[in-house]
Structure formats: C-alpha cells, structure tokens
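This is protein_0.cif. It holds mmCIF, C-alpha atoms.
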data_protein
loop_
_atom_site.label_atom_id
_atom_site.label_comp_id
_atom_site.auth_asym_id
_atom_site.auth_seq_id
_atom_site.Cartn_x
_atom_site.Cartn_y
_atom_site.Cartn_z
CA MET P 725 0.00 0.00 0.00
CA ALA P 726 2.72 2.36 1.02
CA THR P 727 4.94 1.49 -1.91
CA GLU P 728 2.03 1.85 -4.27
CA ALA P 729 1.37 5.32 -2.94
CA THR P 730 5.03 6.23 -3.28
CA ASP P 731 5.08 4.89 -6.82
CA ALA P 732 1.96 6.82 -7.62
CA ALA P 733 3.45 9.99 -6.23
CA ALA P 734 6.77 9.40 -7.95
CA SER P 735 5.29 8.60 -11.29
CA SER P 736 2.61 11.26 -11.25
CA PRO P 737 3.37 13.61 -14.10
CA GLY P 738 2.23 16.73 -12.28
CA MET P 739 4.28 19.06 -10.16
CA PRO P 740 4.21 18.52 -6.38
CA GLN P 741 3.66 22.26 -6.19
CA LEU P 742 0.17 21.80 -7.65
CA ASP P 743 -0.81 19.01 -5.27
CA PHE P 744 -3.55 20.95 -3.54
CA SER P 745 -3.94 18.37 -0.79
CA THR P 746 -0.72 19.59 0.78
CA PHE P 747 -1.70 23.26 0.67
CA PRO P 748 -3.42 23.49 4.08
CA ASN P 749 -0.39 21.88 5.68
CA GLN P 750 2.08 24.25 4.03
CA ILE P 751 -0.02 27.32 4.69
CA PHE P 752 -0.54 26.39 8.33
CA TRP P 753 3.15 25.85 8.97
CA LEU P 754 4.11 28.95 6.96
CA VAL P 755 1.84 31.11 9.08
CA VAL P 756 3.22 29.55 12.27
CA THR P 757 6.79 30.10 11.05
CA LEU P 758 6.23 33.71 10.04
CA VAL P 759 4.53 34.52 13.35
CA VAL P 760 7.39 32.90 15.27
CA ILE P 761 10.02 34.78 13.24
CA TYR P 762 8.09 38.02 13.68
CA LEU P 763 7.89 37.53 17.44
CA ILE P 764 11.59 36.67 17.71
CA LEU P 765 12.49 39.72 15.68
CA SER P 766 10.18 42.24 17.28
CA LYS P 767 10.64 41.04 20.88
CA VAL P 768 14.34 40.27 20.95
CA ALA P 769 16.47 40.79 17.87
CA LEU P 770 15.36 44.15 16.48
CA PRO P 771 15.32 46.14 19.74
CA ARG P 772 18.70 44.69 20.60
CA ILE P 773 20.30 45.50 17.24
CA ALA P 774 18.70 48.95 17.17
CA SER P 775 20.01 49.72 20.66
CA VAL P 776 23.49 48.47 19.74
CA LEU P 777 23.53 50.61 16.60
CA ALA P 778 22.25 53.65 18.47
CA GLU P 779 24.78 53.11 21.23
CA ARG P 780 27.57 52.77 18.70
CA SER P 781 26.65 55.91 16.79
CA GLY P 782 26.30 57.71 20.13
CA THR P 783 29.71 56.50 21.22
CA ILE P 784 31.25 57.57 17.93
CA THR P 785 29.64 61.01 18.13
CA ASN P 786 30.76 61.43 21.73
CA ASP P 787 34.28 60.30 20.95
CA LEU P 788 34.51 62.68 18.02
CA ALA P 789 33.23 65.55 20.14
CA ALA P 790 35.68 64.67 22.92
CA ALA P 791 38.53 64.51 20.42
CA GLU P 792 37.55 67.91 19.03
CA GLU P 793 37.42 69.34 22.53
CA LEU P 794 40.80 67.86 23.43
CA LYS P 795 42.26 69.26 20.24
CA LEU P 796 40.97 72.72 21.12
CA LYS P 797 42.41 72.32 24.61
CA ALA P 798 45.75 71.31 23.17
CA VAL P 799 45.80 74.38 20.93
CA GLU P 800 44.86 76.56 23.90
CA ALA P 801 47.54 74.98 26.04
CA GLU P 802 50.11 75.57 23.34
CA GLU P 803 49.09 79.20 23.07
CA ALA P 804 49.26 79.60 26.84
CA TYR P 805 52.66 77.94 26.88
CA ASN P 806 53.99 80.21 24.17
CA LYS P 807 52.57 83.23 25.92
CA ALA P 808 54.08 82.17 29.23
CA LEU P 809 57.40 81.60 27.52
CA ALA P 810 57.33 85.05 25.91
CA ASP P 811 56.29 86.62 29.23
CA ALA P 812 59.05 84.86 31.09
CA ARG P 813 61.56 85.99 28.52
CA ALA P 814 60.40 89.58 28.71
CA GLU P 815 60.42 89.40 32.51
CA ALA P 816 63.93 87.98 32.53
CA GLN P 817 65.14 90.70 30.20
CA LYS P 818 63.49 93.31 32.34
CA ILE P 819 65.09 91.91 35.49
CA VAL P 820 68.49 91.75 33.81
CA ALA P 821 68.16 95.34 32.62
CA GLU P 822 67.04 96.52 36.06
CA ALA P 823 69.87 94.70 37.77
CA LYS P 824 72.32 96.15 35.31
CA ALA P 825 70.99 99.66 35.85
CA GLU P 826 71.05 99.24 39.62
CA ILE P 827 74.59 97.92 39.60
CA GLN P 828 75.61 100.68 37.27
CA SER P 829 74.09 103.35 39.48
CA GLU P 830 75.63 101.85 42.61
CA LEU P 831 78.93 101.64 40.80
CA ASP P 832 78.62 105.26 39.74
CA VAL P 833 77.86 106.38 43.27
CA ALA P 834 80.72 104.35 44.66
CA THR P 835 83.09 105.64 41.99
CA ALA P 836 82.04 109.23 42.63
CA LYS P 837 82.46 108.77 46.39
CA ALA P 838 85.84 107.17 45.91
CA ASP P 839 86.88 109.93 43.53
CA ALA P 840 85.77 112.55 46.00
CA GLU P 841 87.61 110.86 48.83
CA ILE P 842 90.71 110.49 46.73
CA ALA P 843 90.49 114.13 45.69
CA ALA P 844 90.03 115.22 49.30
CA LYS P 845 92.94 113.07 50.47
CA ALA P 846 95.13 114.39 47.64
CA ALA P 847 94.27 117.97 48.51
CA GLU P 848 95.02 117.34 52.17
CA SER P 849 98.28 115.70 51.30
CA GLU P 850 99.23 118.56 49.00
CA LYS P 851 98.44 121.02 51.74
CA ALA P 852 100.49 119.03 54.21
CA ILE P 853 103.38 118.80 51.77
CA ALA P 854 103.16 122.53 51.09
CA GLU P 855 103.21 123.21 54.83
CA ILE P 856 106.11 120.87 55.34
CA ARG P 857 107.94 122.44 52.47
CA GLU P 858 107.29 125.94 53.82
CA ASN P 859 108.37 124.93 57.26
CA ALA P 860 111.43 123.33 55.80
CA MET P 861 112.27 126.45 53.80
CA GLN P 862 111.77 128.59 56.84
CA SER P 863 113.94 126.30 58.94
CA VAL P 864 116.61 126.28 56.26
CA THR P 865 116.55 130.11 56.21
CA GLU P 866 116.68 130.28 59.96
CA VAL P 867 119.43 127.71 60.21
CA ALA P 868 121.38 129.47 57.45
CA ASN P 869 120.90 132.85 59.09
CA GLU P 870 121.88 131.55 62.48
CA THR P 871 124.85 129.63 61.13
CA ALA P 872 125.96 132.62 59.04
CA GLU P 873 125.50 135.02 61.95
CA ALA P 874 127.47 132.71 64.22
CA LEU P 875 130.21 132.31 61.64
CA VAL P 876 130.28 136.02 60.87
CA GLY P 877 130.11 137.01 64.61
CA THR P 878 133.04 134.75 65.35
CA LEU P 879 135.14 135.85 62.33
CA LEU P 880 134.07 139.48 62.09
CA PRO P 881 132.56 140.69 65.40
CA GLN P 882 131.89 144.24 63.99
CA ALA P 883 129.72 143.13 61.08
CA ALA P 884 126.07 144.15 61.32
CA GLY P 885 123.39 141.53 61.64
CA ALA P 886 121.16 143.03 58.91
CA ASP P 887 123.82 142.85 56.25
CA VAL P 888 124.43 139.18 57.02
CA LYS P 889 120.71 138.36 56.68
CA ALA P 890 120.50 140.07 53.29
CA ALA P 891 123.60 138.28 52.11
CA VAL P 892 122.26 134.90 53.27
CA ALA P 893 118.92 135.51 51.53
CA ALA P 894 120.77 136.45 48.34
CA ARG P 895 122.81 133.25 48.55
CA LEU P 896 119.81 131.06 49.22
CA LYS P 897 118.08 132.48 46.16
CA GLY P 898 121.09 132.04 44.05
CA MET X 790 16.44 10.61 -7.62
CA ALA X 791 17.26 9.23 -11.02
CA SER X 792 17.83 5.59 -11.77
CA GLU X 793 19.03 3.67 -14.73
CA GLU X 794 16.64 0.80 -15.45
CA GLY X 795 17.19 -1.41 -18.41
CA GLY X 796 19.46 1.08 -20.13
CA LYS X 797 16.78 3.78 -19.93
CA LEU X 798 17.56 6.89 -17.90
CA GLU X 799 14.80 7.92 -15.54
CA PHE X 800 14.77 11.34 -14.00
CA HIS X 801 12.62 12.42 -11.17
CA PRO X 802 13.75 16.02 -10.83
CA MET X 803 10.49 17.01 -9.17
CA ASP X 804 10.59 14.40 -6.43
CA GLN X 805 12.57 16.76 -4.22
CA PHE X 806 9.52 19.00 -3.97
CA ILE X 807 7.15 16.33 -2.64
CA VAL X 808 5.61 17.19 0.68
CA LYS X 809 5.64 14.15 2.92
CA PRO X 810 5.05 13.45 6.59
CA LEU X 811 8.21 13.48 8.63
CA PHE X 812 7.05 10.58 10.79
CA GLY X 813 5.08 7.53 9.73
CA GLU X 814 4.42 6.06 6.32
CA ALA X 815 4.86 7.92 3.06
CA GLY X 816 1.23 7.45 2.07
CA ASP X 817 -0.29 8.79 5.29
CA PRO X 818 -2.83 11.53 4.77
CA ILE X 819 -1.47 15.02 5.23
CA HIS X 820 -3.63 17.11 7.53
CA PHE X 821 -2.93 20.76 8.04
CA TYR X 822 -1.35 19.99 11.41
CA THR X 823 0.74 17.02 10.22
CA ILE X 824 4.42 17.48 10.88
CA THR X 825 5.95 17.24 7.43
CA ASN X 826 9.27 18.06 5.80
CA VAL X 827 7.81 21.55 5.32
CA THR X 828 7.55 21.88 9.09
CA PHE X 829 11.07 20.59 9.55
CA TRP X 830 12.74 22.95 7.07
CA MET X 831 10.73 25.95 8.23
CA ALA X 832 11.77 25.15 11.79
CA LEU X 833 15.37 25.00 10.61
CA ALA X 834 14.93 28.45 9.05
CA ILE X 835 13.64 29.76 12.39
CA GLY X 836 16.62 28.14 14.10
CA ALA X 837 19.11 29.68 11.69
CA ILE X 838 17.50 33.12 11.99
CA SER X 839 17.57 32.88 15.79
CA LEU X 840 21.19 31.75 15.67
CA LEU X 841 22.23 34.76 13.62
CA LEU X 842 20.03 37.49 15.05
CA VAL X 843 19.61 36.43 18.67
CA VAL X 844 22.59 34.27 19.57
CA GLY X 845 24.88 36.22 17.25
CA THR X 846 24.04 39.54 18.87
CA ARG X 847 23.97 38.37 22.50
CA GLY X 848 27.23 40.23 23.23
CA ARG X 849 25.66 43.61 22.32
CA ALA X 850 29.22 44.67 21.61
CA ILE X 851 30.12 48.16 20.48
CA ILE X 852 32.80 46.52 18.37
CA PRO X 853 30.81 43.65 16.89
CA THR X 854 31.81 40.03 16.52
CA ARG X 855 31.52 38.43 13.10
CA ALA X 856 28.04 37.05 13.72
CA GLN X 857 26.83 40.33 15.20
CA SER X 858 28.34 42.19 12.28
CA MET X 859 26.39 40.01 9.84
CA ALA X 860 23.17 40.49 11.78
CA GLU X 861 23.74 44.25 11.78
CA LEU X 862 24.48 44.20 8.06
CA ALA X 863 21.23 42.35 7.33
CA TYR X 864 19.34 44.76 9.59
CA GLY X 865 20.96 47.81 8.02
CA PHE X 866 20.46 46.50 4.50
CA VAL X 867 16.71 45.99 4.84
CA TYR X 868 16.22 49.05 7.06
CA LYS X 869 17.87 51.27 4.48
CA MET X 870 15.90 49.62 1.69
CA VAL X 871 12.60 50.31 3.46
CA GLU X 872 13.65 53.87 4.27
CA ASP X 873 14.89 54.63 0.75
CA VAL X 874 11.88 53.18 -1.05
CA THR X 875 8.94 54.00 1.23
CA GLY X 876 10.29 56.98 3.13
CA LYS X 877 10.32 57.58 6.88
CA ASP X 878 6.64 56.73 7.37
CA GLY X 879 7.20 53.23 5.99
CA LEU X 880 9.67 52.37 8.74
CA LYS X 881 7.00 51.15 11.15
CA TYR X 882 6.38 48.27 8.73
CA PHE X 883 10.07 47.39 8.78
CA PRO X 884 9.70 44.40 11.18
CA TYR X 885 7.16 42.74 8.85
CA ILE X 886 9.31 43.29 5.78
CA PHE X 887 12.40 42.09 7.62
CA THR X 888 10.49 38.95 8.67
CA LEU X 889 9.63 38.20 5.05
CA PHE X 890 13.18 38.90 3.88
CA LEU X 891 14.80 36.69 6.50
CA PHE X 892 12.36 33.84 5.97
CA ILE X 893 12.86 33.87 2.21
CA ILE X 894 16.64 34.22 2.19
CA PHE X 895 17.16 31.57 4.86
CA SER X 896 14.72 29.17 3.21
CA ASN X 897 16.44 29.70 -0.13
CA PHE X 898 19.89 29.05 1.29
CA LEU X 899 18.76 26.09 3.41
CA GLY X 900 17.21 24.69 0.23
CA LEU X 901 20.64 24.68 -1.36
CA ILE X 902 21.87 22.07 1.10
CA PRO X 903 21.96 18.76 -0.83
CA MET X 904 18.96 16.50 -0.14
CA SER X 905 17.11 19.37 1.50
CA PHE X 906 13.60 20.60 0.88
CA THR X 907 13.06 24.13 -0.40
CA THR X 908 9.96 25.61 1.21
CA THR X 909 10.08 28.72 -0.98
CA SER X 910 9.88 26.60 -4.14
CA HIS X 911 6.22 25.96 -3.37
CA ILE X 912 3.65 28.25 -4.84
CA ALA X 913 1.44 27.71 -1.80
CA VAL X 914 4.08 29.32 0.41
CA THR X 915 5.03 32.22 -1.86
CA ALA X 916 1.42 32.91 -2.83
CA ILE X 917 0.38 33.24 0.80
CA MET X 918 3.19 35.73 1.39
CA ALA X 919 2.42 37.62 -1.81
CA PHE X 920 -1.30 37.81 -1.07
CA ALA X 921 -0.60 38.83 2.50
CA VAL X 922 1.48 41.70 1.13
CA PHE X 923 -1.17 42.51 -1.47
CA PHE X 924 -4.07 42.67 0.99
CA THR X 925 -2.09 44.44 3.68
CA VAL X 926 -0.86 47.05 1.25
CA THR X 927 -4.34 47.58 -0.22
CA ILE X 928 -5.87 47.97 3.23
CA ILE X 929 -3.10 50.36 4.31
CA GLY X 930 -3.64 52.34 1.12
CA PHE X 931 -7.36 52.81 1.76
CA VAL X 932 -6.96 53.46 5.48
CA LYS X 933 -4.24 56.07 4.97
CA ASN X 934 -5.60 57.79 1.88
CA GLY X 935 -9.31 56.87 1.76
CA ALA X 936 -10.68 57.18 -1.75
CA GLY X 937 -7.53 59.09 -2.65
CA PHE X 938 -5.80 55.73 -2.93
CA LEU X 939 -7.67 55.26 -6.22
CA SER X 940 -5.60 58.09 -7.71
CA LEU X 941 -2.90 55.41 -8.00
CA PHE X 942 -4.82 54.25 -11.08
CA TRP X 943 -5.54 57.69 -12.44
CA VAL X 944 -2.31 58.83 -14.10
CA SER X 945 -2.69 62.60 -13.81
CA SER X 946 0.47 63.29 -15.77
CA ALA X 947 -0.92 61.59 -18.90
CA PRO X 948 -3.15 63.31 -21.46
CA LEU X 949 -6.80 63.26 -20.40
CA ALA X 950 -7.88 61.08 -23.35
CA LEU X 951 -5.40 58.37 -22.41
CA ARG X 952 -6.21 58.30 -18.72
CA PRO X 953 -9.16 55.87 -18.81
CA ILE X 954 -7.16 53.41 -20.86
CA LEU X 955 -4.19 53.77 -18.57
CA ALA X 956 -6.49 53.32 -15.59
CA ILE X 957 -7.65 49.96 -16.93
CA ILE X 958 -4.04 48.89 -17.50
CA GLU X 959 -3.05 50.09 -14.04
CA VAL X 960 -5.91 48.20 -12.39
CA ILE X 961 -5.02 45.01 -14.23
CA SER X 962 -1.35 45.36 -13.35
CA TYR X 963 -2.30 46.04 -9.74
CA PHE X 964 -4.25 42.80 -9.47
CA VAL X 965 -1.58 40.83 -11.29
CA ARG X 966 0.99 41.93 -8.70
CA PRO X 967 0.49 39.11 -6.19
CA VAL X 968 0.60 36.54 -8.97
CA SER X 969 3.86 37.75 -10.44
CA HIS X 970 5.20 38.42 -6.96
CA SER X 971 4.69 34.82 -5.88
CA ILE X 972 5.38 32.94 -9.11
CA ARG X 973 8.66 34.81 -9.60
CA LEU X 974 10.10 33.44 -6.36
CA ALA X 975 8.63 29.93 -6.50
CA GLY X 976 9.44 29.58 -10.19
CA ASN X 977 13.04 30.63 -9.76
CA MET X 978 13.64 28.31 -6.86
CA MET X 979 11.85 25.38 -8.46
CA ALA X 980 13.50 25.73 -11.86
CA GLY X 981 16.99 26.03 -10.42
CA HIS X 982 16.61 22.99 -8.21
CA ALA X 983 15.04 20.95 -10.98
CA VAL X 984 17.89 21.82 -13.35
CA LEU X 985 20.39 20.83 -10.67
CA LYS X 986 18.67 17.45 -10.36
CA VAL X 987 18.68 16.93 -14.12
CA PHE X 988 22.41 17.59 -14.30
CA ALA X 989 22.90 15.28 -11.32
CA GLY X 990 20.96 12.61 -13.17
CA PHE X 991 23.27 12.87 -16.16
CA ALA X 992 26.23 12.36 -13.85
CA GLN X 993 25.29 8.65 -13.81
CA VAL X 994 26.25 8.28 -17.45
CA GLY X 995 29.98 7.64 -17.61
CA ALA X 996 30.81 9.59 -20.74
CA VAL X 997 29.09 12.85 -19.85
CA ALA X 998 29.65 12.63 -16.10
CA PRO X 999 32.49 15.18 -15.93
CA ILE X 1000 30.49 17.73 -17.91
CA ALA X 1001 27.40 17.01 -15.83
CA ILE X 1002 29.30 17.46 -12.58
CA LEU X 1003 30.81 20.69 -13.90
CA GLY X 1004 27.28 21.74 -14.82
CA VAL X 1005 26.04 20.96 -11.32
CA VAL X 1006 28.82 23.09 -9.85
CA ALA X 1007 28.11 25.97 -12.23
CA ILE X 1008 24.33 25.85 -11.70
CA TYR X 1009 24.86 25.60 -7.96
CA GLY X 1010 26.90 28.79 -8.06
CA LEU X 1011 24.19 30.44 -10.08
CA GLU X 1012 21.56 29.22 -7.62
CA VAL X 1013 23.43 30.77 -4.70
CA LEU X 1014 23.20 34.06 -6.54
CA VAL X 1015 19.54 33.53 -7.45
CA SER X 1016 18.66 32.68 -3.83
CA ALA X 1017 19.97 36.01 -2.59
CA ILE X 1018 18.63 38.00 -5.53
CA GLN X 1019 15.12 36.55 -5.31
CA ALA X 1020 14.95 37.32 -1.60
CA TYR X 1021 16.06 40.86 -2.42
CA VAL X 1022 13.57 41.18 -5.28
CA PHE X 1023 10.66 39.94 -3.18
CA THR X 1024 11.56 42.38 -0.42
CA ILE X 1025 12.08 45.42 -2.59
CA LEU X 1026 8.83 44.76 -4.48
CA THR X 1027 7.07 44.62 -1.13
CA CYS X 1028 8.62 48.00 -0.34
CA VAL X 1029 7.53 49.40 -3.70
CA TYR X 1030 3.94 48.22 -3.17
CA LEU X 1031 4.01 49.70 0.30
CA LYS X 1032 5.25 52.99 -1.11
CA ASP X 1033 2.33 53.01 -3.55
CA ALA X 1034 -0.03 52.52 -0.63
CA LEU X 1035 1.53 55.29 1.46
CA HIS X 1036 2.07 57.77 -1.40
CA PRO X 1037 -0.38 56.83 -4.17
CA HIS X 1038 0.07 60.05 -6.13
CA HIS X 1039 2.32 59.73 -9.10
#
Target format structure tokens, applied to this file:
Amino acid sequence: MATEATDAAASSPGMPQLDFSTFPNQIFWLVVTLVVIYLILSKVALPRIASVLAERSGTITNDLAAAEELKLKAVEAEEAYNKALADARAEAQKIVAEAKAEIQSELDVATAKADAEIAAKAAESEKAIAEIRENAMQSVTEVANETAEALVGTLLPQAAGADVKAAVAARLKG
Amino acid sequence: MASEEGGKLEFHPMDQFIVKPLFGEAGDPIHFYTITNVTFWMALAIGAISLLLVVGTRGRAIIPTRAQSMAELAYGFVYKMVEDVTGKDGLKYFPYIFTLFLFIIFSNFLGLIPMSFTTTSHIAVTAIMAFAVFFTVTIIGFVKNGAGFLSLFWVSSAPLALRPILAIIEVISYFVRPVSHSIRLAGNMMAGHAVLKVFAGFAQVGAVAPIAILGVVAIYGLEVLVSAIQAYVFTILTCVYLKDALHPHH
C-alpha cells in the first residue's frame, strides 16, 4: 500500500507544487513560522540590534566631540605655553636690565664717592706737603741765618746783623 | 532521484519537492497539522534566523563580533531599503518586511543544502506571502488615503484622453501583482533545483559525467546568486507596493 502510494506519487506527471492536498499543511506551517520569526524579531532581535547601533553611533559622536574638545584644549595649552614663555623671557630681560641699571648706578655712586675721597685726600696731602715744604724752607733760612750770623760774629765781630741776613737771603736764592 | 533501469535513464527532478510526513508512512494523509518536511525545514529556518540574530548579537558589543556584524548588516540592508523606497513613514512596517526577507533568504539558502527541501519553491508558500502583502498594502492604502488611494490608477500626468485606458491597465497590473510576486520566487527556486537534479541525473552516465558534474557546480553557483537576488527582489517589491499605498500620487 505504502509502496504503491510512493510509486503513484513518484510517477505522477504533475508538479508537487500543484498538489492541492498539501496546501493546508504548508499554509498552516508557513503562518506559524512567520509569526514565530516576527515575534523573535520584534521582541528580541530588532530592539537589541537597534540599541546596539544607536549606542555605537552615540559612542562615535561622543568620541569625536571629545577629540575635538581635546584638540581645542591642546591648541589653547600651546598658546598659553607660548605666551608664558614670551612673558618669562620679557620678565627675565626686564630683570636683567634693572639689575644692570642698579649695579651701574651703585657703581657710579661708589666711583664718585671714591673719587671725591681720593680728591680730598690728595688735597690734604698737598696742603700738608706745602706746609712741610714751607716749614722746611723757613727752617733752612733760619738755620742758614743763624749759622751765618754765628760764623760772621766769630770771624768778624763788627759786622752788622742786617747785612748778614740780606747776604744769606741772596745766597739762598742764588 | 534518477535511476538507470534497463538502459533507460529515468529522471525524477520534481521528487525533491514532494511534501511528505516526517514521521510515519509515506502514504499517510497530510492534515494541516501534520508534521511534514515543510515543518522541519521551516523550523530550521527559524533556528538559523535565531542563531544569527539572537545568539549572534547576544554580546551587544560596540565593536561587533563576526556574527553580530552580519546580523547588523542584514538589519541595516533591509532598514535602508525600506527607508529609501517608502520613506520615513514606511519604517513602522520594517519588522514585517524584515520577517519576510529573513524567511525567504534563509529558506532559499537552506534549500541549497543537498537533499534538503526548499519551502520557498512551493507556490502555496510564496502565494500566501504575496497575497498577504497585497491585501495588507491595499488595506493600508485605503486606510491612509481613503478614496484618494484610487488616484494610483488615475495617471494625472498623462493626457486626459489616455487616462481611462491607462487606468484599466493600471488596475489590471495592480491585481496581477500578487501573482507575479509569488510565481517569480517559487518559479526561480523550483527551476533552479530541478535543473540541478537533471544535471545530477546525467552524472550517472559515464561519458558525460564530468560535464554534468561541472554543470552541477556551475548551476549551484548560479543558484546561490539567485537565492539572494530573489529574496532581495521579493523584499524590494514589497517595499515598492508599500510605497504606492503610502504615497499613491504619481
């Protein structure tokens, strides 16, 4: 019986597609299958994939924004660095110039003071030397006068003192 | 499937399409609830779809695995197709269209496994899907546009004298849609598989066996292409019909 049926089915000239007796079976299982696939998709797969895609695009957008922000920050930092560098340089130059000026002024003051002191000392010394010289000249005159008077008094007791002094002065000049 | 009896070649290229009960005798009556090879291969399609779209995406990774990447590609492919063809307002029908697409493409590919049964090669299966699309789209068209949906048949850009004639043609083509929609898919799948079987039958004959085997390989490659293309065609036609329902004005 079974083999006969198989033979009949195998040798039937028509297409199995047009065997209407199998239609209810196929349609029933097709509807079941489509409903099951639809439920799997709409309850599990599609929300999951949609959320993953949304999350990914969100992550990418955030990362890009963060990168842009960091880039801006880097540029800002570089500018600040350059500015700080320039400021520091200017400051250093200013300090150097100030120090130089200060040292120069101190040096000038010190030099002037020293010059003044030296000048004062020199003047004093000159004065002292002049005094000494004057004293010395006077002493020499006195000593010469006294010596001459003594010599003259001893050799020529009648000779006047005034003549001797004049003679001594004339000799000292000569 | 083919046997050489008494020097006469016998082909049974259509035997692969026979619906038979999975359990019990071959001649048992097939009720609508009988578990048949149709049930088995449809269940396999469900299993494969779940494997790719549910198990494959279970990591929910920002950087996807291979399976998740494929699931996302399929999702993005159909999503973009629906959006491009029907516009933003068609996107709420995306799950239905994606269901159809996945069922067809997985059935087509599962049918390419040797000795398998191709559910989409049966006109009963494709016709139900095509008519479901047809009725759904028609109902959506009337619900969304009311009587304005009829302007789909009234080509306002044509000269007035031609419009009645065009209207008749448009109405006919509208009602032929589900027929062409379903026969295109079933016919492609059936023809390809039958041709494969015929070539396989010739492989029994010693002299032509190498050519026949080469032919099987070539046709198989072609069938892989056809399986994907027919799934795509069915889906994009569904989108086009949906677009007509949502925006009937030419």
Would you give me, as JSON lines, each residue of chain P having an atom within 7 Å of an atom of chain X, along with its shortest atom pair and that distance in Å to one decimal, using all atoms listed in the file and sorting by chain and residue number?
{"residue": "P:Ala726", "atom": "CA", "partner": "X:Gly816", "partner_atom": "CA", "distance": 5.4}
{"residue": "P:Ala729", "atom": "CA", "partner": "X:Gly816", "partner_atom": "CA", "distance": 5.4}
{"residue": "P:Thr730", "atom": "CA", "partner": "X:Ala815", "partner_atom": "CA", "distance": 6.6}
{"residue": "P:Ala734", "atom": "CA", "partner": "X:Asp804", "partner_atom": "CA", "distance": 6.5}
{"residue": "P:Met739", "atom": "CA", "partner": "X:Met803", "partner_atom": "CA", "distance": 6.6}
{"residue": "P:Pro740", "atom": "CA", "partner": "X:Ile807", "partner_atom": "CA", "distance": 5.2}
{"residue": "P:Gln741", "atom": "CA", "partner": "X:His911", "partner_atom": "CA", "distance": 5.3}
{"residue": "P:Thr746", "atom": "CA", "partner": "X:Ile819", "partner_atom": "CA", "distance": 6.4}
{"residue": "P:Phe747", "atom": "CA", "partner": "X:Ala913", "partner_atom": "CA", "distance": 6.0}
{"residue": "P:Pro748", "atom": "CA", "partner": "X:Phe821", "partner_atom": "CA", "distance": 4.8}
{"residue": "P:Asn749", "atom": "CA", "partner": "X:Phe821", "partner_atom": "CA", "distance": 3.6}
{"residue": "P:Gln750", "atom": "CA", "partner": "X:Val827", "partner_atom": "CA", "distance": 6.5}
{"residue": "P:Ile751", "atom": "CA", "partner": "X:Val914", "partner_atom": "CA", "distance": 6.3}
{"residue": "P:Phe752", "atom": "CA", "partner": "X:Phe821", "partner_atom": "CA", "distance": 6.1}
{"residue": "P:Trp753", "atom": "CA", "partner": "X:Thr828", "partner_atom": "CA", "distance": 5.9}
{"residue": "P:Leu754", "atom": "CA", "partner": "X:Val914", "partner_atom": "CA", "distance": 6.6}
{"residue": "P:Thr757", "atom": "CA", "partner": "X:Met831", "partner_atom": "CA", "distance": 6.4}
{"residue": "P:Leu758", "atom": "CA", "partner": "X:Thr888", "partner_atom": "CA", "distance": 6.9}
{"residue": "P:Ile761", "atom": "CA", "partner": "X:Thr888", "partner_atom": "CA", "distance": 6.2}
{"residue": "P:Tyr762", "atom": "CA", "partner": "X:Thr888", "partner_atom": "CA", "distance": 5.6}
{"residue": "P:Ser766", "atom": "CA", "partner": "X:Pro884", "partner_atom": "CA", "distance": 6.5}
{"residue": "P:Val768", "atom": "CA", "partner": "X:Val843", "partner_atom": "CA", "distance": 6.9}
{"residue": "P:Ala769", "atom": "CA", "partner": "X:Val843", "partner_atom": "CA", "distance": 5.4}
{"residue": "P:Ile773", "atom": "CA", "partner": "X:Glu861", "partner_atom": "CA", "distance": 6.6}
{"residue": "P:Val776", "atom": "CA", "partner": "X:Arg849", "partner_atom": "CA", "distance": 5.9}
{"residue": "P:Arg780", "atom": "CA", "partner": "X:Ile851", "partner_atom": "CA", "distance": 5.6}
Just write the chosen residues, C-alpha atoms, as an mmCIF file, keeping the file's coordinate frame.
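See selection-v6.cif below for the written result:
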data_model
loop_
_atom_site.group_PDB
_atom_site.id
_atom_site.type_symbol
_atom_site.label_atom_id
_atom_site.label_comp_id
_atom_site.auth_asym_id
_atom_site.auth_seq_id
_atom_site.Cartn_x
_atom_site.Cartn_y
_atom_site.Cartn_z
ATOM 1 C CA ALA P 726 2.720 2.360 1.020
ATOM 2 C CA ALA P 729 1.370 5.320 -2.940
ATOM 3 C CA THR P 730 5.030 6.230 -3.280
ATOM 4 C CA ALA P 734 6.770 9.400 -7.950
ATOM 5 C CA MET P 739 4.280 19.060 -10.160
ATOM 6 C CA PRO P 740 4.210 18.520 -6.380
ATOM 7 C CA GLN P 741 3.660 22.260 -6.190
ATOM 8 C CA THR P 746 -0.720 19.590 0.780
ATOM 9 C CA PHE P 747 -1.700 23.260 0.670
ATOM 10 C CA PRO P 748 -3.420 23.490 4.080
ATOM 11 C CA ASN P 749 -0.390 21.880 5.680
ATOM 12 C CA GLN P 750 2.080 24.250 4.030
ATOM 13 C CA ILE P 751 -0.020 27.320 4.690
ATOM 14 C CA PHE P 752 -0.540 26.390 8.330
ATOM 15 C CA TRP P 753 3.150 25.850 8.970
ATOM 16 C CA LEU P 754 4.110 28.950 6.960
ATOM 17 C CA THR P 757 6.790 30.100 11.050
ATOM 18 C CA LEU P 758 6.230 33.710 10.040
ATOM 19 C CA ILE P 761 10.020 34.780 13.240
ATOM 20 C CA TYR P 762 8.090 38.020 13.680
ATOM 21 C CA SER P 766 10.180 42.240 17.280
ATOM 22 C CA VAL P 768 14.340 40.270 20.950
ATOM 23 C CA ALA P 769 16.470 40.790 17.870
ATOM 24 C CA ILE P 773 20.300 45.500 17.240
ATOM 25 C CA VAL P 776 23.490 48.470 19.740
ATOM 26 C CA ARG P 780 27.570 52.770 18.700
#
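Atom pair CA of Asn977 in chain X / CA of Ser1016 in chain X has a distance of 8.4 Å (rounded to one decimal).
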Using all atoms listed in the file, which residues sit within 8 Å of range 938-946 of chain X once same-chain residues fewer than 4 positions away are excluded, as an mmCIF file with C-alpha atoms, in the frame of the given file?
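Below is the file around.cif, written as the result:
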data_model
loop_
_atom_site.group_PDB
_atom_site.id
_atom_site.type_symbol
_atom_site.label_atom_id
_atom_site.label_comp_id
_atom_site.auth_asym_id
_atom_site.auth_seq_id
_atom_site.Cartn_x
_atom_site.Cartn_y
_atom_site.Cartn_z
ATOM 1 C CA GLY X 930 -3.640 52.340 1.120
ATOM 2 C CA PHE X 931 -7.360 52.810 1.760
ATOM 3 C CA ASN X 934 -5.600 57.790 1.880
ATOM 4 C CA ARG X 952 -6.210 58.300 -18.720
ATOM 5 C CA PRO X 953 -9.160 55.870 -18.810
ATOM 6 C CA LEU X 955 -4.190 53.770 -18.570
ATOM 7 C CA ALA X 956 -6.490 53.320 -15.590
ATOM 8 C CA ILE X 957 -7.650 49.960 -16.930
ATOM 9 C CA GLU X 959 -3.050 50.090 -14.040
ATOM 10 C CA VAL X 960 -5.910 48.200 -12.390
ATOM 11 C CA ASP X 1033 2.330 53.010 -3.550
ATOM 12 C CA ALA X 1034 -0.030 52.520 -0.630
ATOM 13 C CA PRO X 1037 -0.380 56.830 -4.170
ATOM 14 C CA HIS X 1038 0.070 60.050 -6.130
ATOM 15 C CA HIS X 1039 2.320 59.730 -9.100
#
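Across the structure, CA of Leu1011 in chain X and CA of Ala992 in chain X are spaced 18.6 Å apart.
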Selection near Thr925 in chain X, 10 Å with all atoms listed in the file, sequence-local residues under 6 positions removed, as number ranges by chain: X: 919, 1030-1031, 1034
Using the chain letters and numbers from the file, give me the residues hit by the PyMOL selection byres ((chain P and resi 878-895) around 12), as a PyMOL selection string. chain P and resi 861-862+864-877+896-898
